[in-house]
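Quick look at input_8.cif (mmCIF, C-alpha atoms):
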data_start
loop_
_atom_site.group_PDB
_atom_site.id
_atom_site.type_symbol
_atom_site.label_atom_id
_atom_site.label_comp_id
_atom_site.auth_asym_id
_atom_site.auth_seq_id
_atom_site.Cartn_x
_atom_site.Cartn_y
_atom_site.Cartn_z
ATOM 1 C CA MET M 1 29.801 196.361 18.813
ATOM 2 C CA LEU M 2 30.308 194.195 21.860
ATOM 3 C CA THR M 3 27.491 191.797 22.261
ATOM 4 C CA ASN M 4 26.869 189.375 25.039
ATOM 5 C CA GLN M 5 28.142 186.217 23.606
ATOM 6 C CA THR M 6 29.557 182.883 24.587
ATOM 7 C CA LEU M 7 32.193 181.384 22.371
ATOM 8 C CA SER M 8 32.432 177.889 23.671
ATOM 9 C CA PRO M 9 29.640 175.814 25.154
ATOM 10 C CA SER M 10 28.973 177.505 28.430
ATOM 11 C CA ARG M 11 28.766 175.472 31.579
ATOM 12 C CA GLU M 12 25.204 175.390 32.829
ATOM 13 C CA THR M 13 25.362 177.178 36.116
ATOM 14 C CA GLN M 14 21.655 177.253 36.740
ATOM 15 C CA GLY M 15 20.659 174.352 38.883
ATOM 16 C CA ALA M 16 24.103 172.770 38.687
ATOM 17 C CA ALA M 17 25.267 170.887 41.736
ATOM 18 C CA GLU M 18 27.781 172.805 43.795
ATOM 19 C CA GLU M 19 31.106 171.595 45.012
ATOM 20 C CA THR M 20 31.103 170.833 48.713
ATOM 21 C CA ARG M 21 34.583 172.255 48.992
ATOM 22 C CA GLU M 22 35.531 175.546 47.519
ATOM 23 C CA ARG M 23 38.219 175.127 44.888
ATOM 24 C CA PRO M 24 41.030 177.651 44.883
ATOM 25 C CA THR M 25 41.551 179.892 41.885
ATOM 26 C CA ILE M 26 44.870 179.905 40.094
ATOM 27 C CA THR M 27 46.003 182.893 38.048
ATOM 28 C CA PRO M 28 47.812 181.532 35.003
ATOM 29 C CA PRO M 29 50.579 183.562 33.362
ATOM 30 C CA VAL M 30 49.375 185.238 30.170
ATOM 31 C CA ASP M 31 51.204 187.043 27.367
ATOM 32 C CA VAL M 32 49.378 189.627 25.277
ATOM 33 C CA TYR M 33 50.636 190.497 21.807
ATOM 34 C CA GLU M 34 49.249 192.660 19.053
ATOM 35 C CA ASN M 35 49.886 193.135 15.375
ATOM 36 C CA ASP M 36 47.974 194.957 12.657
ATOM 37 C CA ALA M 37 45.505 192.125 12.245
ATOM 38 C CA GLU M 38 44.819 190.782 15.700
ATOM 39 C CA LEU M 39 45.307 190.629 19.423
ATOM 40 C CA LEU M 40 46.960 187.398 20.558
ATOM 41 C CA LEU M 41 46.746 186.041 24.099
ATOM 42 C CA ILE M 42 48.890 183.102 25.178
ATOM 43 C CA ALA M 43 48.229 181.370 28.512
ATOM 44 C CA ASP M 44 49.997 178.509 30.257
ATOM 45 C CA LEU M 45 47.321 176.066 31.430
ATOM 46 C CA PRO M 46 48.989 172.796 32.434
ATOM 47 C CA GLY M 47 46.578 169.985 33.247
ATOM 48 C CA VAL M 48 43.655 171.334 31.249
ATOM 49 C CA ALA M 49 41.867 169.346 28.558
ATOM 50 C CA ARG M 50 40.367 171.076 25.540
ATOM 51 C CA ASP M 51 36.766 170.610 26.633
ATOM 52 C CA ALA M 52 37.487 172.013 30.103
ATOM 53 C CA ILE M 53 38.187 175.517 28.798
ATOM 54 C CA GLU M 54 35.572 178.210 28.727
ATOM 55 C CA LEU M 55 35.932 181.596 27.067
ATOM 56 C CA ASN M 56 33.326 184.219 27.721
ATOM 57 C CA LEU M 57 33.012 187.596 26.055
ATOM 58 C CA GLU M 58 30.769 189.808 28.027
ATOM 59 C CA ASP M 59 30.574 193.527 28.763
ATOM 60 C CA GLY M 60 33.795 194.214 26.896
ATOM 61 C CA ALA M 61 35.791 191.661 28.889
ATOM 62 C CA LEU M 62 37.237 188.311 28.001
ATOM 63 C CA THR M 63 37.075 185.772 30.798
ATOM 64 C CA LEU M 64 39.114 182.607 30.566
ATOM 65 C CA SER M 65 38.200 179.856 32.961
ATOM 66 C CA ALA M 66 39.583 176.361 32.792
ATOM 67 C CA ARG M 67 38.962 173.366 34.964
ATOM 68 C CA ARG M 68 42.029 171.369 35.820
ATOM 69 C CA THR M 69 41.905 167.631 36.079
ATOM 70 C CA ARG M 70 44.658 165.741 37.746
ATOM 71 C CA LEU M 71 45.296 162.197 38.529
ATOM 72 C CA ILE M 72 45.660 161.344 42.198
ATOM 73 C CA GLU M 73 46.484 157.768 43.044
ATOM 74 C CA GLY M 74 47.344 156.333 46.398
ATOM 75 C CA ALA M 75 49.043 158.194 49.195
ATOM 76 C CA VAL M 76 50.280 161.723 48.613
ATOM 77 C CA LEU M 77 53.998 161.986 49.360
ATOM 78 C CA GLY M 78 54.331 165.581 48.265
ATOM 79 C CA ASP M 79 51.976 167.979 46.517
ATOM 80 C CA GLU M 80 52.956 171.292 45.003
ATOM 81 C CA ILE M 81 50.396 171.228 42.227
ATOM 82 C CA GLY M 82 47.385 171.330 44.503
ATOM 83 C CA ASP M 83 43.748 171.700 43.591
ATOM 84 C CA GLY M 84 42.291 174.649 41.812
ATOM 85 C CA ASP M 85 41.024 175.996 38.549
ATOM 86 C CA TYR M 86 42.390 178.688 36.289
ATOM 87 C CA LEU M 87 40.686 182.045 36.011
ATOM 88 C CA ARG M 88 41.714 185.230 34.267
ATOM 89 C CA SER M 89 39.782 188.210 32.997
ATOM 90 C CA PHE M 90 40.867 190.947 30.597
ATOM 91 C CA ARG M 91 39.159 194.139 29.577
ATOM 92 C CA LEU M 92 39.203 194.268 25.804
ATOM 93 C CA PRO M 93 39.874 197.289 23.651
ATOM 94 C CA ARG M 94 37.266 198.375 21.134
ATOM 95 C CA GLY M 95 37.474 197.456 17.517
ATOM 96 C CA LEU M 96 37.753 193.688 17.728
ATOM 97 C CA ASP M 97 35.748 191.315 15.616
ATOM 98 C CA LEU M 98 34.418 189.150 18.415
ATOM 99 C CA GLU M 99 32.489 186.932 16.025
ATOM 100 C CA SER M 100 35.752 185.525 14.694
ATOM 101 C CA VAL M 101 37.688 184.758 17.867
ATOM 102 C CA LYS M 102 39.690 181.541 17.634
ATOM 103 C CA ALA M 103 41.451 179.509 20.298
ATOM 104 C CA GLU M 104 43.843 176.585 20.085
ATOM 105 C CA LEU M 105 45.366 174.402 22.787
ATOM 106 C CA ASP M 106 48.728 172.704 22.442
ATOM 107 C CA SER M 107 50.906 171.099 25.141
ATOM 108 C CA GLY M 108 49.136 172.935 27.958
ATOM 109 C CA THR M 109 49.430 176.310 26.234
ATOM 110 C CA LEU M 110 46.332 178.138 24.994
ATOM 111 C CA LYS M 111 46.426 180.698 22.195
ATOM 112 C CA ILE M 112 43.468 183.015 21.758
ATOM 113 C CA ARG M 113 43.292 185.067 18.584
ATOM 114 C CA LEU M 114 41.052 188.128 18.603
ATOM 115 C CA PRO M 115 41.001 189.623 15.097
ATOM 116 C CA LYS M 116 40.603 193.338 14.657
ATOM 117 C CA ALA M 117 37.562 194.586 12.834
ATOM 118 C CA LYS M 118 38.390 195.586 9.272
ATOM 119 C CA GLU M 119 37.745 199.263 9.810
ATOM 120 C CA PHE M 120 40.231 199.300 12.688
ATOM 121 C CA ARG M 121 43.113 197.802 10.743
ATOM 122 C CA PRO M 122 45.707 200.181 9.406
ATOM 123 C CA ARG M 123 45.575 200.628 5.654
ATOM 124 C CA GLN M 124 48.210 201.612 3.254
ATOM 125 C CA ILE M 125 47.093 204.384 0.927
ATOM 126 C CA ALA M 126 48.731 204.353 -2.412
ATOM 127 C CA ILE M 127 49.902 207.751 -3.527
ATOM 128 C CA THR M 128 49.553 208.335 -7.199
ATOM 129 C CA ALA M 129 51.411 210.902 -9.171
ATOM 130 C CA ALA M 130 49.285 213.819 -10.211
ATOM 131 C CA MET Q 1 44.058 203.011 19.484
ATOM 132 C CA PHE Q 2 44.489 200.104 21.840
ATOM 133 C CA MET Q 3 44.305 200.688 25.535
ATOM 134 C CA PRO Q 4 46.718 199.153 27.986
ATOM 135 C CA TYR Q 5 45.351 195.880 29.224
ATOM 136 C CA ASN Q 6 44.059 195.951 32.710
ATOM 137 C CA ASP Q 7 42.887 192.838 34.321
ATOM 138 C CA PHE Q 8 40.850 192.748 37.449
ATOM 139 C CA ASP Q 9 42.576 189.927 39.179
ATOM 140 C CA ARG Q 10 46.138 191.106 39.737
ATOM 141 C CA THR Q 11 45.612 191.517 43.463
ATOM 142 C CA LEU Q 12 44.205 188.022 43.629
ATOM 143 C CA ALA Q 13 47.304 186.828 41.811
ATOM 144 C CA VAL Q 14 49.505 188.085 44.638
ATOM 145 C CA VAL Q 15 47.399 186.300 47.226
ATOM 146 C CA ASP Q 16 47.511 183.192 45.082
ATOM 147 C CA ALA Q 17 51.298 183.353 44.792
ATOM 148 C CA ILE Q 18 51.653 183.621 48.565
ATOM 149 C CA ARG Q 19 49.305 180.703 49.082
ATOM 150 C CA ARG Q 20 51.268 178.533 46.692
ATOM 151 C CA ARG Q 21 54.528 179.424 48.359
ATOM 152 C CA MET Q 22 53.101 178.445 51.736
ATOM 153 C CA ASP Q 23 51.702 175.247 50.301
ATOM 154 C CA ARG Q 24 55.093 174.459 48.913
ATOM 155 C CA ALA Q 25 56.858 175.101 52.201
ATOM 156 C CA PHE Q 26 54.581 172.557 53.815
ATOM 157 C CA SER Q 27 54.727 170.030 51.044
ATOM 158 C CA ASP Q 28 58.485 169.681 50.786
ATOM 159 C CA VAL Q 29 58.490 167.085 53.499
ATOM 160 C CA ALA Q 30 61.181 164.534 54.178
ATOM 161 C CA THR Q 31 59.602 161.856 51.972
ATOM 162 C CA THR Q 32 60.099 163.928 48.831
ATOM 163 C CA ASP Q 33 63.577 165.209 49.138
ATOM 164 C CA VAL Q 34 63.180 167.962 46.634
ATOM 165 C CA THR Q 35 65.925 170.172 45.370
ATOM 166 C CA ARG Q 36 64.994 172.793 42.873
ATOM 167 C CA SER Q 37 66.206 175.697 40.862
ATOM 168 C CA GLY Q 38 63.918 178.285 39.397
ATOM 169 C CA ASP Q 39 60.226 178.735 40.025
ATOM 170 C CA ALA Q 40 59.160 176.148 37.491
ATOM 171 C CA ALA Q 41 57.811 172.661 37.143
ATOM 172 C CA ARG Q 42 55.552 172.173 40.133
ATOM 173 C CA ALA Q 43 55.378 168.516 41.008
ATOM 174 C CA SER Q 44 53.330 166.033 42.996
ATOM 175 C CA LEU Q 45 54.422 162.556 44.036
ATOM 176 C CA TYR Q 46 52.161 159.655 44.984
ATOM 177 C CA ASP Q 47 52.653 156.179 46.376
ATOM 178 C CA ALA Q 48 50.080 153.828 44.873
ATOM 179 C CA GLY Q 49 51.254 150.637 46.558
ATOM 180 C CA SER Q 50 53.077 148.797 43.785
ATOM 181 C CA GLU Q 51 53.868 152.007 41.901
ATOM 182 C CA LEU Q 52 55.185 155.483 42.482
ATOM 183 C CA LEU Q 53 53.659 158.263 40.402
ATOM 184 C CA LEU Q 54 55.124 161.646 39.671
ATOM 185 C CA ALA Q 55 53.257 164.482 37.950
ATOM 186 C CA VAL Q 56 55.106 167.624 36.852
ATOM 187 C CA GLU Q 57 53.620 170.746 35.281
ATOM 188 C CA VAL Q 58 55.584 171.594 32.134
ATOM 189 C CA PRO Q 59 53.335 173.728 29.897
ATOM 190 C CA GLY Q 60 54.757 174.453 26.467
ATOM 191 C CA TYR Q 61 57.509 171.839 26.806
ATOM 192 C CA LYS Q 62 57.945 169.180 24.160
ATOM 193 C CA GLU Q 63 59.416 165.727 24.709
ATOM 194 C CA GLU Q 64 62.782 166.866 23.394
ATOM 195 C CA ASN Q 65 62.919 169.706 25.957
ATOM 196 C CA LEU Q 66 62.796 167.265 28.872
ATOM 197 C CA ASP Q 67 65.494 165.003 30.246
ATOM 198 C CA LEU Q 68 64.514 162.366 32.789
ATOM 199 C CA THR Q 69 66.984 160.111 34.577
ATOM 200 C CA ILE Q 70 66.671 157.711 37.485
ATOM 201 C CA HIS Q 71 69.776 156.688 39.389
ATOM 202 C CA ARG Q 72 69.222 154.434 42.361
ATOM 203 C CA ASP Q 73 66.470 156.131 44.359
ATOM 204 C CA VAL Q 74 66.889 159.620 42.894
ATOM 205 C CA LEU Q 75 64.857 160.829 39.943
ATOM 206 C CA THR Q 76 66.188 163.892 38.169
ATOM 207 C CA LEU Q 77 64.195 165.932 35.689
ATOM 208 C CA LYS Q 78 65.706 168.721 33.652
ATOM 209 C CA GLY Q 79 63.847 170.921 31.255
ATOM 210 C CA GLU Q 80 64.299 173.959 29.144
ATOM 211 C CA ARG Q 81 61.907 176.074 27.163
ATOM 212 C CA SER Q 82 62.748 179.191 25.276
ATOM 213 C CA LEU Q 83 59.953 181.528 24.374
ATOM 214 C CA GLU Q 84 60.183 184.193 21.772
ATOM 215 C CA ALA Q 85 57.681 186.845 20.944
ATOM 216 C CA PRO Q 86 55.767 185.812 17.822
ATOM 217 C CA GLU Q 87 57.263 187.541 14.840
ATOM 218 C CA GLY Q 88 55.695 190.810 13.811
ATOM 219 C CA TYR Q 89 53.808 191.296 17.084
ATOM 220 C CA ARG Q 90 54.229 193.968 19.723
ATOM 221 C CA ALA Q 91 54.204 192.762 23.300
ATOM 222 C CA HIS Q 92 51.736 194.351 25.722
ATOM 223 C CA ARG Q 93 52.214 191.951 28.562
ATOM 224 C CA VAL Q 94 54.778 189.197 29.026
ATOM 225 C CA GLU Q 95 54.256 186.948 32.020
ATOM 226 C CA ARG Q 96 55.355 183.620 30.587
ATOM 227 C CA ARG Q 97 59.112 183.234 30.677
ATOM 228 C CA SER Q 98 61.796 181.236 29.060
ATOM 229 C CA GLN Q 99 63.098 178.985 31.737
ATOM 230 C CA SER Q 100 65.270 176.046 32.527
ATOM 231 C CA PHE Q 101 64.964 173.928 35.609
ATOM 232 C CA ALA Q 102 66.518 170.902 37.223
ATOM 233 C CA ARG Q 103 64.724 169.033 39.944
ATOM 234 C CA SER Q 104 65.625 165.928 41.895
ATOM 235 C CA PHE Q 105 63.246 163.745 43.831
ATOM 236 C CA LYS Q 106 64.307 161.186 46.359
ATOM 237 C CA LEU Q 107 62.058 158.193 45.811
ATOM 238 C CA SER Q 108 60.681 156.475 48.864
ATOM 239 C CA ALA Q 109 61.384 153.048 47.350
ATOM 240 C CA PRO Q 110 63.766 151.660 44.719
ATOM 241 C CA VAL Q 111 62.087 151.326 41.324
ATOM 242 C CA ASP Q 112 62.502 149.157 38.256
ATOM 243 C CA VAL Q 113 63.862 151.607 35.710
ATOM 244 C CA GLU Q 114 63.091 149.266 32.791
ATOM 245 C CA ARG Q 115 59.410 149.353 33.628
ATOM 246 C CA THR Q 116 59.200 153.094 34.155
ATOM 247 C CA LYS Q 117 56.887 154.911 31.771
ATOM 248 C CA ALA Q 118 56.762 158.636 31.167
ATOM 249 C CA SER Q 119 54.151 160.469 29.119
ATOM 250 C CA LEU Q 120 53.424 164.072 28.303
ATOM 251 C CA SER Q 121 49.822 165.224 28.077
ATOM 252 C CA ASP Q 122 48.201 168.679 28.266
ATOM 253 C CA GLY Q 123 51.413 170.193 29.592
ATOM 254 C CA VAL Q 124 51.808 167.695 32.418
ATOM 255 C CA LEU Q 125 54.544 165.046 32.515
ATOM 256 C CA SER Q 126 53.454 161.832 34.237
ATOM 257 C CA VAL Q 127 56.059 159.301 35.329
ATOM 258 C CA ARG Q 128 54.819 155.902 36.403
ATOM 259 C CA MET Q 129 57.411 153.814 38.216
ATOM 260 C CA THR Q 130 57.055 150.221 39.318
ATOM 261 C CA LYS Q 131 58.670 149.535 42.652
ATOM 262 C CA SER Q 132 61.421 146.922 42.795
ATOM 263 C CA PRO Q 133 60.183 143.467 43.863
ATOM 264 C CA GLU Q 134 61.665 143.827 47.369
ATOM 265 C CA ALA Q 135 59.784 147.121 47.808
ATOM 266 C CA GLN Q 136 56.405 145.759 46.712
ATOM 267 C CA PRO Q 137 53.751 145.610 49.398
ATOM 268 C CA ARG Q 138 53.049 142.015 50.394
ATOM 269 C CA ARG Q 139 50.220 140.482 52.238
ATOM 270 C CA ILE Q 140 51.243 138.101 55.004
ATOM 271 C CA ALA Q 141 48.795 135.375 55.851
ATOM 272 C CA VAL Q 142 48.073 135.261 59.528
ATOM 273 C CA GLY Q 143 48.380 131.705 60.813
ATOM 274 C CA ALA Q 144 46.131 130.210 63.419
#
When written as structure tokens, how does the structure in this file appear?
Amino acid sequence: MLTNQTLSPSRETQGAAEETRERPTITPPVDVYENDAELLLIADLPGVARDAIELNLEDGALTLSARRTRLIEGAVLGDEIGDGDYLRSFRLPRGLDLESVKAELDSGTLKIRLPKAKEFRPRQIAITAA
Amino acid sequence: MFMPYNDFDRTLAVVDAIRRRMDRAFSDVATTDVTRSGDAARASLYDAGSELLLAVEVPGYKEENLDLTIHRDVLTLKGERSLEAPEGYRAHRVERRSQSFARSFKLSAPVDVERTKASLSDGVLSVRMTKSPEAQPRRIAVGA
């Protein structure tokens, strides 16, 4: 059921100009939750705008990459934030409805909702008296 | 039915953590007299001539979770976020933490507190401080 699919507009990598300097990769902290209806991933991505996030579903894995923009003005007195872009990849379980994945960004926190396919959701069976 | 969640990049995460720690050791130089508690709220400080700019990473924090004060040449930022598992969900992996932090920055120049502006955007707090008149850079005409 997993198809090669791109959820958000994918960055054109073919023929794109390359950075002259390699940018470091940052591993953002991610929580993974599950209930009967969906799998919920929550990632802290400070400094990322909505259109700088890319979610790719490919070969049964979800890859989250996000380009960080930051304002640098004048002389640097101290820098802990540093350059770099976020990258994280998760192998997904079977039984998700990957056509209906939703993501929302709020205050530097990204929520990704991966609904379970109907046939994989638990169902209550009513027992009737004979 | 659901498998444990493996991700491929845990080893990279360790390397990344070490790199950040080293970066931090080098960046806490005398100009930014930084005191900190907790591994939160990474910050960068810039001197843009007439202004000082501070950027702090505070993902998931709202305005009311942050407390910013400037006293003389010391800026203090306190923050607190409490995270709870969403109701009705089982947790498979919890890497984001509730945290509180307090950080102080020694500013390299006195600033005009009245003209200081702070804004929160995409999980980053930006503080823009105008230097006091006596700390403003001035051009001196060179006489003949």
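Interatomic distance, CA of Thr76 (chain Q) against CA of Lys62 (chain Q): 17.1 Å.
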Compare Q:Leu68, Q:Ala144, Q:Ala118, Q:Ala91 by their minimum atom-to-atom distance to Ser104 (chain Q), counting all atoms listed in the file, and give me the closest one. Q:Leu68
Decode the PyMOL selection byres ((chain M) within 8 of (chain Q)) for the given file into explicit residues and return them as a VMD selection string. chain M and resid 25 to 27 29 to 35 43 to 49 72 to 81 88 to 94 106 to 109
Written as a list in words, which residues does the PyMOL selection byres ((chain Q and resi 69) around 12) give for the file shown?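 On the file shown, the PyMOL selection byres ((chain Q and resi 69) around 12) covers Leu66, Asp67, Leu68, Ile70, His71, Arg72, Asp73, Val74, Leu75, Thr76, Leu77, Lys78, Gly79, Ala102, Arg103, Ser104, Phe105, Val113, Glu114, Thr116, Lys117, Ala118 and Val127 of chain Q.
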Can those selected residues be exported to a file as a tab-separated table (two decimals), in the coordinates of the input so that it contains C-alpha atoms?
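Saved as result12.tsv:
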chain	number	residue	atom	x	y	z
Q	66	LEU	CA	62.80	167.26	28.87
Q	67	ASP	CA	65.49	165.00	30.25
Q	68	LEU	CA	64.51	162.37	32.79
Q	70	ILE	CA	66.67	157.71	37.48
Q	71	HIS	CA	69.78	156.69	39.39
Q	72	ARG	CA	69.22	154.43	42.36
Q	73	ASP	CA	66.47	156.13	44.36
Q	74	VAL	CA	66.89	159.62	42.89
Q	75	LEU	CA	64.86	160.83	39.94
Q	76	THR	CA	66.19	163.89	38.17
Q	77	LEU	CA	64.19	165.93	35.69
Q	78	LYS	CA	65.71	168.72	33.65
Q	79	GLY	CA	63.85	170.92	31.26
Q	102	ALA	CA	66.52	170.90	37.22
Q	103	ARG	CA	64.72	169.03	39.94
Q	104	SER	CA	65.62	165.93	41.90
Q	105	PHE	CA	63.25	163.74	43.83
Q	113	VAL	CA	63.86	151.61	35.71
Q	114	GLU	CA	63.09	149.27	32.79
Q	116	THR	CA	59.20	153.09	34.16
Q	117	LYS	CA	56.89	154.91	31.77
Q	118	ALA	CA	56.76	158.64	31.17
Q	127	VAL	CA	56.06	159.30	35.33
CA of Leu114 (chain M) to CA of Ser100 (chain M), straight-line distance in Å: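 Distance between the two atoms: 7.1 Å.
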Could you check how far CA of Ser65 (chain M) sits from CA of Glu99 (chain M), in Å to one decimal?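 Those two atoms sit 19.2 Å apart.
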At most 7 Å from (40.8, 172.9, 34.1), file frame, only C-alpha atoms: which residues, as a PyMOL selection string? chain M and resi 47-49+52-53+66-69+85-86
List the neighbours of Glu38 (chain M) out to 10 Å using all atoms listed in the file; skip same-chain residues closer than 6 positions along the sequence, and give me the result as JSON, numbers by chain. {"M": [96, 97, 101, 112, 113, 114, 115, 116, 117, 121], "Q": [89]}
Take the residues just selected and output them with C-alpha atoms as a PDB file, in the coordinates of the input.
ATOM      1  CA  LEU M  96      37.753 193.688  17.728  1.00  0.00           C
ATOM      2  CA  ASP M  97      35.748 191.315  15.616  1.00  0.00           C
ATOM      3  CA  VAL M 101      37.688 184.758  17.867  1.00  0.00           C
ATOM      4  CA  ILE M 112      43.468 183.015  21.758  1.00  0.00           C
ATOM      5  CA  ARG M 113      43.292 185.067  18.584  1.00  0.00           C
ATOM      6  CA  LEU M 114      41.052 188.128  18.603  1.00  0.00           C
ATOM      7  CA  PRO M 115      41.001 189.623  15.097  1.00  0.00           C
ATOM      8  CA  LYS M 116      40.603 193.338  14.657  1.00  0.00           C
ATOM      9  CA  ALA M 117      37.562 194.586  12.834  1.00  0.00           C
ATOM     10  CA  ARG M 121      43.113 197.802  10.743  1.00  0.00           C
TER      11      ARG M 121
ATOM     12  CA  TYR Q  89      53.808 191.296  17.084  1.00  0.00           C
TER      13      TYR Q  89
END
Written as a VMD selection string, what is the full residue list that the PyMOL selection byres ((chain Q and resi 130) around 6) yields on the file shown? chain Q and resid 51 111 to 112 129 131
Keeping only C-alpha atoms, write those residues as an mmCIF file, keeping the file's coordinate frame.
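File produced: again-v1.cif:
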data_model
loop_
_atom_site.group_PDB
_atom_site.id
_atom_site.type_symbol
_atom_site.label_atom_id
_atom_site.label_comp_id
_atom_site.auth_asym_id
_atom_site.auth_seq_id
_atom_site.Cartn_x
_atom_site.Cartn_y
_atom_site.Cartn_z
ATOM 1 C CA GLU Q 51 53.868 152.007 41.901
ATOM 2 C CA VAL Q 111 62.087 151.326 41.324
ATOM 3 C CA ASP Q 112 62.502 149.157 38.256
ATOM 4 C CA MET Q 129 57.411 153.814 38.216
ATOM 5 C CA LYS Q 131 58.670 149.535 42.652
#
Kindly indicate which residue among M:Pro28, M:Ala130, M:Leu98, M:Lys118 lies nearest to Glu58 (chain M), using all atoms listed in the file for the distances.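 Closest candidate: M:Leu98.
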